[in-house]
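Dumped start-v6.cif below, it's mmCIF, C-alpha atoms:
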```cif
data_target
loop_
_atom_site.label_atom_id
_atom_site.label_comp_id
_atom_site.auth_asym_id
_atom_site.auth_seq_id
_atom_site.Cartn_x
_atom_site.Cartn_y
_atom_site.Cartn_z
CA MET A 2 101.83 107.85 117.97
CA THR A 3 99.25 108.83 115.35
CA THR A 4 95.58 108.42 116.25
CA ASP A 5 92.94 106.95 113.96
CA LEU A 6 91.26 110.35 113.70
CA ALA A 7 94.54 112.06 112.79
CA ILE A 8 95.14 109.54 110.00
CA ALA A 9 91.63 110.02 108.65
CA VAL A 10 91.86 113.80 108.82
CA GLU A 11 95.18 113.63 106.99
CA ILE A 12 93.50 111.61 104.23
CA ASP A 13 90.51 114.00 104.09
CA SER A 14 92.69 117.09 103.90
CA THR A 15 94.40 115.95 100.71
CA ARG A 16 94.26 118.64 98.08
CA ASP A 17 94.56 118.63 94.33
CA ALA A 18 97.84 120.52 93.91
CA ALA A 19 96.97 121.79 90.44
CA SER A 20 93.64 123.37 91.37
CA GLU A 21 93.84 123.64 95.19
CA GLN A 22 90.32 122.17 95.30
CA PRO A 23 89.56 119.97 98.26
CA VAL A 24 89.64 116.33 97.35
CA VAL A 25 86.67 114.24 98.40
CA THR A 26 87.51 110.97 100.14
CA VAL A 27 85.44 107.90 99.31
CA TYR A 28 85.74 105.11 101.84
CA THR A 29 84.78 101.92 100.02
CA ALA A 30 84.15 98.26 100.71
CA GLY A 31 86.34 97.18 97.81
CA THR A 32 85.78 96.48 94.14
CA ALA A 33 82.72 94.28 94.69
CA CYS A 34 80.71 97.19 96.15
CA VAL A 35 78.33 98.37 93.43
CA GLN A 36 77.32 101.56 95.26
CA CYS A 37 80.99 102.39 95.78
CA ALA A 38 81.74 101.95 92.08
CA LEU A 39 78.72 104.08 91.10
CA THR A 40 79.77 106.82 93.50
CA GLU A 41 83.28 106.93 92.06
CA LYS A 42 81.90 106.87 88.51
CA VAL A 43 79.61 109.86 89.17
CA LEU A 44 82.39 111.77 90.95
CA ALA A 45 84.61 111.29 87.90
CA GLU A 46 81.81 112.28 85.51
CA LEU A 47 81.15 115.43 87.53
CA GLY A 48 84.85 116.28 87.60
CA ILE A 49 85.12 116.10 91.38
CA PRO A 50 88.63 115.17 92.47
CA PHE A 51 88.58 112.26 94.92
CA VAL A 52 90.73 109.69 96.61
CA GLU A 53 89.52 106.19 97.38
CA CYS A 54 90.28 104.32 100.58
CA ASP A 55 89.27 100.65 100.70
CA ILE A 56 88.46 100.10 104.37
CA THR A 57 88.34 96.32 103.93
CA ARG A 58 92.13 96.23 103.54
CA ASP A 59 94.18 95.52 106.66
CA GLU A 60 96.45 98.52 106.08
CA ASN A 61 93.40 100.80 106.32
CA LEU A 62 92.24 99.72 109.79
CA ALA A 63 92.60 103.27 111.10
CA ALA A 64 90.37 104.60 108.33
CA ARG A 65 87.80 101.87 109.08
CA ALA A 66 87.85 102.85 112.76
CA TYR A 67 87.32 106.50 111.77
CA VAL A 68 84.38 105.69 109.46
CA MET A 69 82.67 103.28 111.83
CA GLY A 70 83.67 104.72 115.20
CA ASP A 71 84.03 108.47 114.77
CA LEU A 72 81.51 109.00 111.96
CA GLY A 73 79.19 106.13 112.94
CA TYR A 74 78.63 104.67 109.48
CA THR A 75 78.11 100.95 108.90
CA ARG A 76 77.61 100.84 105.14
CA ALA A 77 79.73 101.88 102.21
CA PRO A 78 80.52 104.02 100.46
CA VAL A 79 81.16 106.80 102.92
CA VAL A 80 81.83 110.10 101.17
CA VAL A 81 83.68 112.74 103.18
CA VAL A 82 83.88 116.25 101.78
CA ASP A 83 85.04 117.77 105.05
CA GLU A 84 84.57 117.19 108.77
CA HIS A 85 80.97 118.50 108.64
CA ASP A 86 79.87 117.26 105.21
CA HIS A 87 79.70 113.48 104.82
CA TRP A 88 77.22 110.70 104.12
CA SER A 89 76.99 107.01 103.34
CA GLY A 90 75.50 105.20 100.39
CA PHE A 91 75.18 106.13 96.74
CA GLN A 92 73.55 109.57 96.78
CA PRO A 93 73.70 111.24 93.35
CA GLY A 94 71.89 114.35 94.63
CA GLU A 95 74.60 114.94 97.23
CA LEU A 96 77.32 114.42 94.63
CA LYS A 97 75.66 116.98 92.33
CA ARG A 98 75.37 119.41 95.26
CA VAL A 99 79.10 119.11 95.95
CA ALA A 100 79.91 119.56 92.25
CA ALA A 101 77.79 122.72 92.09
CA HIS A 102 79.45 124.06 95.23
CA LEU A 103 82.95 123.41 93.86
CA ARG A 104 82.06 125.07 90.54
CA SER A 105 80.81 128.17 92.37
CA ARG A 106 84.10 128.66 94.22
CA PRO A 107 86.53 131.26 92.86
#
```
Step by step, read the file and then write its structure as structure tokens.
Amino acid sequence: MTTDLAIAVEIDSTRDAASEQPVVTVYTAGTACVQCALTEKVLAELGIPFVECDITRDENLAARAYVMGDLGYTRAPVVVVDEHDHWSGFQPGELKRVAAHLRSRP
């Protein structure tokens, strides 16, 4: 049996096969979430690979449990770079920081 945390870690460990860059996971509250849409727009503009997981969908209950239970967030979006680097809300400064870090990697 797979645990909620294992499912979420599997999602977060997705990698862009072409570049081997870590892929950021954006947990969203669906298409009506303005901050979620802005976060995804800025990620795309900055060239940061990401996957989106709509935690309002029934099939993503495990991801919702991870975001709310394990990470403790109650508002979307939740951006997870890795197990130690994550935040909630639209935070352009954090997105730029991640983009700069990814650009500095060999």
Using all atoms listed in the file, find the one residue out of A:Thr32, A:Thr40, A:Thr57, A:Thr75 that sits nearest to A:Glu95.
->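 Once distances to A:Glu95 are computed over all atoms listed in the file, the minimum belongs to A:Thr40.
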Leaving out A:Gly73 and any residue of its chain fewer than 5 positions from it, which residues lie within 12 Å of it when counting all atoms listed in the file, given as a ChimeraX atom specification?
-> /A:65-68,79,87-89
Contacts of A:Ala38 at 12 Å or less, counting only C-alpha atoms, minus same-chain residues fewer than 2 places along, as a list in words?
->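 Once the adjacent positions are removed, what remains is Val27, Tyr28, Thr29, Ala30, Gly31, Thr32, Ala33, Cys34, Val35, Gln36, Thr40, Glu41, Lys42, Val43, Leu44, Ala45, Glu53, Asp55, Ala77, Pro78, Val79, Gly90 and Phe91 of chain A.
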Check the smallest atom-to-atom distance from each of A:Ala64, A:Ile56, A:Leu72, A:Val82 to A:Ala100 using all atoms listed in the file, then report the winner.
->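 Counting all atoms listed in the file, the residue closest to A:Ala100 is A:Val82.
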Quote the spacing between atom CA of A:Leu96 and atom CA of A:Glu84 in Å to one decimal place.
->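 Between atom CA of A:Leu96 and atom CA of A:Glu84 the gap works out to 16.1 Å.
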Which one of A:Leu103, A:Gly94, A:Glu60, A:Cys37 sits closest to A:Val24 if you count only C-alpha atoms?
->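 Closest to A:Val24 of all the choices is A:Leu103.
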Could you work out how far atom CA of A:Arg58 lies from atom CA of A:His85, giving the answer in Å with one decimal?
->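 Computed distance, atom CA of A:His85 to atom CA of A:Arg58, equals 25.4 Å.
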Selection dump of the PyMOL selection byres ((chain A and resi 50) around 7), as number ranges by chain = A: 24-25, 48-49, 51
Since fewer atoms than expected are present, regenerate N, CA, C and O atoms for stretch 60-80 of chain A and write them as a PDB file, in the coordinates of the input.
```pdb
ATOM      1  N   GLU A  60      95.637  97.316 105.884  1.00  0.00           N
ATOM      2  CA  GLU A  60      96.450  98.520 106.080  1.00  0.00           C
ATOM      3  C   GLU A  60      95.605  99.772 106.300  1.00  0.00           C
ATOM      4  O   GLU A  60      96.127 100.826 106.642  1.00  0.00           O
ATOM      5  N   ASN A  61      94.297  99.661 106.128  1.00  0.00           N
ATOM      6  CA  ASN A  61      93.400 100.800 106.320  1.00  0.00           C
ATOM      7  C   ASN A  61      92.517 100.649 107.565  1.00  0.00           C
ATOM      8  O   ASN A  61      91.424 101.189 107.628  1.00  0.00           O
ATOM      9  N   LEU A  62      93.010  99.918 108.553  1.00  0.00           N
ATOM     10  CA  LEU A  62      92.240  99.720 109.790  1.00  0.00           C
ATOM     11  C   LEU A  62      91.911 101.033 110.481  1.00  0.00           C
ATOM     12  O   LEU A  62      90.829 101.203 111.032  1.00  0.00           O
ATOM     13  N   ALA A  63      92.844 101.971 110.465  1.00  0.00           N
ATOM     14  CA  ALA A  63      92.600 103.270 111.100  1.00  0.00           C
ATOM     15  C   ALA A  63      91.471 104.009 110.396  1.00  0.00           C
ATOM     16  O   ALA A  63      90.622 104.627 111.049  1.00  0.00           O
ATOM     17  N   ALA A  64      91.449 103.950 109.081  1.00  0.00           N
ATOM     18  CA  ALA A  64      90.370 104.600 108.330  1.00  0.00           C
ATOM     19  C   ALA A  64      89.034 103.919 108.633  1.00  0.00           C
ATOM     20  O   ALA A  64      88.015 104.589 108.778  1.00  0.00           O
ATOM     21  N   ARG A  65      89.032 102.597 108.736  1.00  0.00           N
ATOM     22  CA  ARG A  65      87.800 101.870 109.080  1.00  0.00           C
ATOM     23  C   ARG A  65      87.310 102.291 110.460  1.00  0.00           C
ATOM     24  O   ARG A  65      86.108 102.517 110.666  1.00  0.00           O
ATOM     25  N   ALA A  66      88.222 102.420 111.412  1.00  0.00           N
ATOM     26  CA  ALA A  66      87.850 102.850 112.760  1.00  0.00           C
ATOM     27  C   ALA A  66      87.258 104.264 112.733  1.00  0.00           C
ATOM     28  O   ALA A  66      86.285 104.556 113.439  1.00  0.00           O
ATOM     29  N   TYR A  67      87.827 105.137 111.912  1.00  0.00           N
ATOM     30  CA  TYR A  67      87.320 106.500 111.770  1.00  0.00           C
ATOM     31  C   TYR A  67      85.897 106.488 111.204  1.00  0.00           C
ATOM     32  O   TYR A  67      84.991 107.115 111.748  1.00  0.00           O
ATOM     33  N   VAL A  68      85.687 105.743 110.125  1.00  0.00           N
ATOM     34  CA  VAL A  68      84.380 105.690 109.460  1.00  0.00           C
ATOM     35  C   VAL A  68      83.319 105.088 110.385  1.00  0.00           C
ATOM     36  O   VAL A  68      82.223 105.633 110.524  1.00  0.00           O
ATOM     37  N   MET A  69      83.654 103.983 111.019  1.00  0.00           N
ATOM     38  CA  MET A  69      82.670 103.280 111.830  1.00  0.00           C
ATOM     39  C   MET A  69      82.554 103.863 113.239  1.00  0.00           C
ATOM     40  O   MET A  69      81.452 103.997 113.764  1.00  0.00           O
ATOM     41  N   GLY A  70      83.681 104.225 113.830  1.00  0.00           N
ATOM     42  CA  GLY A  70      83.670 104.720 115.200  1.00  0.00           C
ATOM     43  C   GLY A  70      83.359 106.201 115.307  1.00  0.00           C
ATOM     44  O   GLY A  70      82.387 106.599 115.943  1.00  0.00           O
ATOM     45  N   ASP A  71      84.180 107.020 114.652  1.00  0.00           N
ATOM     46  CA  ASP A  71      84.030 108.470 114.770  1.00  0.00           C
ATOM     47  C   ASP A  71      82.819 109.003 113.998  1.00  0.00           C
ATOM     48  O   ASP A  71      82.081 109.843 114.500  1.00  0.00           O
ATOM     49  N   LEU A  72      82.626 108.517 112.763  1.00  0.00           N
ATOM     50  CA  LEU A  72      81.510 109.000 111.960  1.00  0.00           C
ATOM     51  C   LEU A  72      80.227 108.198 112.181  1.00  0.00           C
ATOM     52  O   LEU A  72      79.142 108.678 111.913  1.00  0.00           O
ATOM     53  N   GLY A  73      80.362 106.951 112.624  1.00  0.00           N
ATOM     54  CA  GLY A  73      79.190 106.130 112.940  1.00  0.00           C
ATOM     55  C   GLY A  73      78.530 105.436 111.769  1.00  0.00           C
ATOM     56  O   GLY A  73      77.398 104.982 111.879  1.00  0.00           O
ATOM     57  N   TYR A  74      79.212 105.312 110.648  1.00  0.00           N
ATOM     58  CA  TYR A  74      78.630 104.670 109.480  1.00  0.00           C
ATOM     59  C   TYR A  74      78.912 103.167 109.475  1.00  0.00           C
ATOM     60  O   TYR A  74      79.982 102.729 109.885  1.00  0.00           O
ATOM     61  N   THR A  75      77.947 102.405 108.981  1.00  0.00           N
ATOM     62  CA  THR A  75      78.110 100.950 108.900  1.00  0.00           C
ATOM     63  C   THR A  75      77.934 100.420 107.490  1.00  0.00           C
ATOM     64  O   THR A  75      77.970  99.212 107.281  1.00  0.00           O
ATOM     65  N   ARG A  76      77.710 101.301 106.522  1.00  0.00           N
ATOM     66  CA  ARG A  76      77.610 100.840 105.140  1.00  0.00           C
ATOM     67  C   ARG A  76      78.428 101.748 104.234  1.00  0.00           C
ATOM     68  O   ARG A  76      78.644 102.918 104.524  1.00  0.00           O
ATOM     69  N   ALA A  77      78.888 101.163 103.162  1.00  0.00           N
ATOM     70  CA  ALA A  77      79.730 101.880 102.210  1.00  0.00           C
ATOM     71  C   ALA A  77      78.908 102.194 100.955  1.00  0.00           C
ATOM     72  O   ALA A  77      77.907 101.542 100.708  1.00  0.00           O
ATOM     73  N   PRO A  78      79.359 103.177 100.205  1.00  0.00           N
ATOM     74  CA  PRO A  78      80.520 104.020 100.460  1.00  0.00           C
ATOM     75  C   PRO A  78      80.210 105.094 101.496  1.00  0.00           C
ATOM     76  O   PRO A  78      79.057 105.440 101.727  1.00  0.00           O
ATOM     77  N   VAL A  79      81.266 105.622 102.073  1.00  0.00           N
ATOM     78  CA  VAL A  79      81.160 106.800 102.920  1.00  0.00           C
ATOM     79  C   VAL A  79      81.931 107.897 102.190  1.00  0.00           C
ATOM     80  O   VAL A  79      83.109 107.730 101.879  1.00  0.00           O
ATOM     81  N   VAL A  80      81.235 108.980 101.890  1.00  0.00           N
ATOM     82  CA  VAL A  80      81.830 110.100 101.170  1.00  0.00           C
ATOM     83  C   VAL A  80      82.073 111.216 102.175  1.00  0.00           C
ATOM     84  O   VAL A  80      81.152 111.635 102.875  1.00  0.00           O
TER      85      VAL A  80
END
```
